[in-house]
>>> print(open('query_34.pdb').read())   # PDB, C-alpha atoms, pLDDT in the B column
ATOM      1  CA  MET A   1      33.654-164.053-106.894  1.00 80.00           C
ATOM      2  CA  THR A   2      34.246-163.767-103.153  1.00 89.00           C
ATOM      3  CA  LEU A   3      35.176-160.087-103.328  1.00 88.00           C
ATOM      4  CA  ARG A   4      32.138-159.342-105.459  1.00 91.00           C
ATOM      5  CA  LEU A   5      29.881-161.074-102.920  1.00 93.00           C
ATOM      6  CA  LEU A   6      31.602-159.260-100.051  1.00 92.00           C
ATOM      7  CA  LEU A   7      31.080-155.878-101.713  1.00 92.00           C
ATOM      8  CA  LEU A   8      27.447-156.668-102.488  1.00 94.00           C
ATOM      9  CA  THR A   9      26.905-157.728 -98.858  1.00 95.00           C
ATOM     10  CA  PHE A  10      28.531-154.501 -97.661  1.00 94.00           C
ATOM     11  CA  ILE A  11      26.284-152.416 -99.915  1.00 95.00           C
ATOM     12  CA  LEU A  12      23.152-154.195 -98.705  1.00 96.00           C
ATOM     13  CA  PHE A  13      24.261-153.851 -95.080  1.00 96.00           C
ATOM     14  CA  CYS A  14      24.843-150.098 -95.459  1.00 95.00           C
ATOM     15  CA  LEU A  15      21.500-149.678 -97.182  1.00 96.00           C
ATOM     16  CA  GLU A  16      19.616-151.672 -94.542  1.00 97.00           C
ATOM     17  CA  LEU A  17      21.351-149.931 -91.647  1.00 96.00           C
ATOM     18  CA  GLY A  18      20.672-146.541 -93.224  1.00 96.00           C
ATOM     19  CA  VAL A  19      16.964-147.200 -93.654  1.00 96.00           C
ATOM     20  CA  PHE A  20      16.816-148.520 -90.083  1.00 96.00           C
ATOM     21  CA  LEU A  21      18.526-145.400 -88.711  1.00 96.00           C
ATOM     22  CA  VAL A  22      16.312-143.061 -90.715  1.00 96.00           C
ATOM     23  CA  LEU A  23      13.037-144.641 -89.652  1.00 96.00           C
ATOM     24  CA  LEU A  24      13.649-145.916 -86.104  1.00 94.00           C
ATOM     25  CA  PRO A  25      13.954-142.588 -84.211  1.00 94.00           C
ATOM     26  CA  TRP A  26      10.525-141.495 -85.462  1.00 94.00           C
ATOM     27  CA  SER A  27       8.702-144.750 -84.699  1.00 92.00           C
ATOM     28  CA  ALA A  28       6.682-145.752 -81.645  1.00 91.00           C
ATOM     29  CA  LEU A  29       9.358-148.314 -80.791  1.00 91.00           C
ATOM     30  CA  TRP A  30      11.735-145.443 -80.014  1.00 90.00           C
ATOM     31  CA  GLU A  31       9.276-143.800 -77.645  1.00 89.00           C
ATOM     32  CA  ARG A  32       8.387-146.994 -75.774  1.00 88.00           C
ATOM     33  CA  ASN A  33      11.576-148.953 -75.183  1.00 86.00           C
ATOM     34  CA  TYR A  34      13.379-150.644 -72.315  1.00 88.00           C
ATOM     35  CA  PHE A  35      15.782-147.807 -71.580  1.00 85.00           C
ATOM     36  CA  LEU A  36      13.042-145.219 -71.129  1.00 87.00           C
ATOM     37  CA  PHE A  37      11.238-147.429 -68.616  1.00 89.00           C
ATOM     38  CA  ARG A  38      14.397-148.495 -66.801  1.00 92.00           C
ATOM     39  CA  TYR A  39      16.065-145.056 -66.793  1.00 91.00           C
ATOM     40  CA  PRO A  40      13.392-142.334 -66.951  1.00 90.00           C
ATOM     41  CA  ALA A  41      16.059-139.619 -66.659  1.00 91.00           C
ATOM     42  CA  LEU A  42      17.121-140.433 -70.238  1.00 88.00           C
ATOM     43  CA  ALA A  43      13.694-139.530 -71.647  1.00 89.00           C
ATOM     44  CA  PRO A  44      14.401-135.821 -72.249  1.00 91.00           C
ATOM     45  CA  TYR A  45      17.527-136.731 -74.203  1.00 90.00           C
ATOM     46  CA  LEU A  46      16.243-139.719 -76.163  1.00 89.00           C
ATOM     47  CA  LEU A  47      12.993-138.004 -77.111  1.00 91.00           C
ATOM     48  CA  ASN A  48      14.749-134.807 -78.192  1.00 93.00           C
ATOM     49  CA  ASN A  49      14.076-134.042 -81.849  1.00 94.00           C
ATOM     50  CA  VAL A  50      17.658-132.876 -82.389  1.00 96.00           C
ATOM     51  CA  LEU A  51      19.052-136.268 -81.364  1.00 95.00           C
ATOM     52  CA  ARG A  52      16.483-137.990 -83.545  1.00 95.00           C
ATOM     53  CA  GLY A  53      17.493-135.793 -86.478  1.00 96.00           C
ATOM     54  CA  VAL A  54      21.189-136.519 -85.951  1.00 96.00           C
ATOM     55  CA  ILE A  55      20.539-140.256 -85.961  1.00 96.00           C
ATOM     56  CA  SER A  56      18.379-139.949 -89.077  1.00 96.00           C
ATOM     57  CA  GLY A  57      21.118-137.875 -90.721  1.00 97.00           C
ATOM     58  CA  LEU A  58      23.616-140.618 -89.959  1.00 97.00           C
ATOM     59  CA  GLY A  59      21.220-143.020 -91.660  1.00 96.00           C
ATOM     60  CA  LEU A  60      21.117-140.787 -94.741  1.00 97.00           C
ATOM     61  CA  VAL A  61      24.912-140.742 -94.828  1.00 97.00           C
ATOM     62  CA  ASP A  62      24.874-144.530 -94.669  1.00 97.00           C
ATOM     63  CA  ILE A  63      22.385-144.731 -97.559  1.00 97.00           C
ATOM     64  CA  GLY A  64      24.579-142.322 -99.539  1.00 96.00           C
ATOM     65  CA  LEU A  65      27.612-144.508 -98.856  1.00 95.00           C
ATOM     66  CA  ALA A  66      25.739-147.553-100.134  1.00 95.00           C
ATOM     67  CA  CYS A  67      24.711-145.676-103.288  1.00 95.00           C
ATOM     68  CA  TRP A  68      28.279-144.513-103.884  1.00 94.00           C
ATOM     69  CA  TYR A  69      29.671-148.034-103.559  1.00 93.00           C
ATOM     70  CA  ALA A  70      26.934-149.345-105.855  1.00 93.00           C
ATOM     71  CA  ALA A  71      27.711-146.671-108.471  1.00 93.00           C
ATOM     72  CA  HIS A  72      31.454-147.395-108.331  1.00 90.00           C
ATOM     73  CA  PHE A  73      31.138-151.171-108.023  1.00 90.00           C
ATOM     74  CA  GLY A  74      33.656-152.053-110.729  1.00 88.00           C
ATOM     75  CA  ALA A  75      36.278-149.542-109.636  1.00 88.00           C
ATOM     76  CA  VAL A  76      36.074-150.653-106.006  1.00 88.00           C
ATOM     77  CA  LEU A  77      36.413-154.303-107.043  1.00 88.00           C
ATOM     78  CA  ALA A  78      39.467-153.475-109.131  1.00 87.00           C
ATOM     79  CA  GLN A  79      41.007-151.598-106.206  1.00 86.00           C
ATOM     80  CA  TRP A  80      40.320-154.471-103.798  1.00 83.00           C
ATOM     81  CA  ARG A  81      41.880-156.934-106.252  1.00 85.00           C
ATOM     82  CA  GLY A  82      44.990-154.776-106.435  1.00 84.00           C
ATOM     83  CA  GLU A  83      44.646-154.055-110.122  1.00 81.00           C
ATOM     84  CA  PRO A  84      46.333-150.846-111.217  1.00 76.00           C
ATOM     85  CA  SER A  85      43.918-148.081-111.958  1.00 67.00           C
ATOM     86  CA  VAL A  86      44.198-146.574-115.396  1.00 62.00           C
ATOM     87  CA  PRO A  87      43.682-142.815-115.314  1.00 63.00           C
ATOM     88  CA  VAL A  88      41.349-141.516-117.976  1.00 60.00           C
ATOM     89  CA  GLU A  89      43.185-138.988-120.068  1.00 68.00           C
ATOM     90  CA  SER A  90      41.297-136.035-121.408  1.00 66.00           C
ATOM     91  CA  PRO A  91      41.860-135.109-125.029  1.00 67.00           C
ATOM     92  CA  PRO A  92      44.370-132.331-125.592  1.00 68.00           C
ATOM     93  CA  ARG A  93      42.858-128.892-125.785  1.00 68.00           C
ATOM     94  CA  GLU A  94      43.560-126.683-128.691  1.00 69.00           C
ATOM     95  CA  SER A  95      44.688-123.271-127.712  1.00 70.00           C
ATOM     96  CA  LEU A  96      42.280-120.557-128.652  1.00 68.00           C
ATOM     97  CA  SER A  97      43.295-117.126-129.672  1.00 71.00           C
ATOM     98  CA  ARG A  98      41.605-114.088-128.255  1.00 72.00           C
ATOM     99  CA  GLY A  99      38.003-113.737-129.322  1.00 70.00           C
ATOM    100  CA  GLN A 100      37.498-117.370-130.333  1.00 69.00           C
ATOM    101  CA  THR A 101      35.058-119.623-128.580  1.00 68.00           C
ATOM    102  CA  ALA A 102      35.208-123.358-128.172  1.00 61.00           C
TER     103      ALA A 102
END
>>> encode(input="query_34.pdb", output="structure tokens")
Amino acid sequence: MTLRLLLLTFILFCLELGVFLVLLPWSALWERNYFLFRYPALAPYLLNNVLRGVISGLGLVDIGLACWYAAHFGAVLAQWRGEPSVPVESPPRESLSRGQTA
């Protein structure tokens, strides 16, 4: 139960952080913050659209990570518990002679 709650908390944290990183660089809070008033020399760098895009891209990666962990919830729990993973075997393929299709 504890591992399941930990994984769910991790997924929610990644999702929340990702949304925050995607939206924050394009908000008014980014343009009017303490660092821009205290250090005006940082303004050209912090207001650069490339930096904003990089931070938003990092947020998208974080959202993707949360989605991946949510999609593989059971497998990740089994790995964290130390349970051996059972490889899924594909059915044997019949050999086809020339000209035959599957």
>>> atom_distance(input="query_34.pdb", atom1="CA of Met1 (chain A)", atom2="CA of Gly74 (chain A)")
12.6 Å
>>> residues_around(input="query_34.pdb", residues="Trp68 (chain A)", least_positions_apart="5", cutoff="12 Å", atoms="only C-alpha atoms", output="PyMOL selection string")
chain A and resi 7+10-11+14-15+61-63+73-76
>>> write_last_selection(input="query_34.pdb", atoms="C-alpha atoms", output="PDB file, in the frame of the given file")
ATOM      1  CA  LEU A   7      31.080-155.878-101.713  1.00 92.00           C
ATOM      2  CA  PHE A  10      28.531-154.501 -97.661  1.00 94.00           C
ATOM      3  CA  ILE A  11      26.284-152.416 -99.915  1.00 95.00           C
ATOM      4  CA  CYS A  14      24.843-150.098 -95.459  1.00 95.00           C
ATOM      5  CA  LEU A  15      21.500-149.678 -97.182  1.00 96.00           C
ATOM      6  CA  VAL A  61      24.912-140.742 -94.828  1.00 97.00           C
ATOM      7  CA  ASP A  62      24.874-144.530 -94.669  1.00 97.00           C
ATOM      8  CA  ILE A  63      22.385-144.731 -97.559  1.00 97.00           C
ATOM      9  CA  PHE A  73      31.138-151.171-108.023  1.00 90.00           C
ATOM     10  CA  GLY A  74      33.656-152.053-110.729  1.00 88.00           C
ATOM     11  CA  ALA A  75      36.278-149.542-109.636  1.00 88.00           C
ATOM     12  CA  VAL A  76      36.074-150.653-106.006  1.00 88.00           C
TER      13      VAL A  76
END
>>> resolve_selection(input="query_34.pdb", expression="the PyMOL selection byres ((chain A and resi 17) around 10)", output="tab-separated table (two decimals) with C-alpha atoms, in the frame of the given file")
chain	number	residue	atom	x	y	z
A	11	ILE	CA	26.28	-152.42	-99.92
A	12	LEU	CA	23.15	-154.20	-98.70
A	13	PHE	CA	24.26	-153.85	-95.08
A	14	CYS	CA	24.84	-150.10	-95.46
A	15	LEU	CA	21.50	-149.68	-97.18
A	16	GLU	CA	19.62	-151.67	-94.54
A	18	GLY	CA	20.67	-146.54	-93.22
A	19	VAL	CA	16.96	-147.20	-93.65
A	20	PHE	CA	16.82	-148.52	-90.08
A	21	LEU	CA	18.53	-145.40	-88.71
A	22	VAL	CA	16.31	-143.06	-90.72
A	58	LEU	CA	23.62	-140.62	-89.96
A	59	GLY	CA	21.22	-143.02	-91.66
A	60	LEU	CA	21.12	-140.79	-94.74
A	62	ASP	CA	24.87	-144.53	-94.67
A	63	ILE	CA	22.38	-144.73	-97.56
A	66	ALA	CA	25.74	-147.55	-100.13
>>> resolve_selection(input="query_34.pdb", expression="the PyMOL selection byres ((chain A and resi 44-53) around 10)", output="PyMOL selection string")
chain A and resi 21-26+30-31+35-36+40-43+54-59
>>> axis_aligned_box(input="query_34.pdb", around="region 26-38 of chain A", padding_each_side="5 Å", output="AutoDock Vina command-line options")
--center_x 11.2 --center_y -146.1 --center_z -76.1 --size_x 19.1 --size_y 19.1 --size_z 28.7
>>> atom_distance(input="query_34.pdb", atom1="CA of Asn33 (chain A)", atom2="CA of Thr9 (chain A)")
29.5 Å
>>> residues_around(input="query_34.pdb", residues="Leu3 (chain A)", least_positions_apart="3", cutoff="9 Å", atoms="only C-alpha atoms", output="ChimeraX atom specification")
/A:6-8,77,80-81
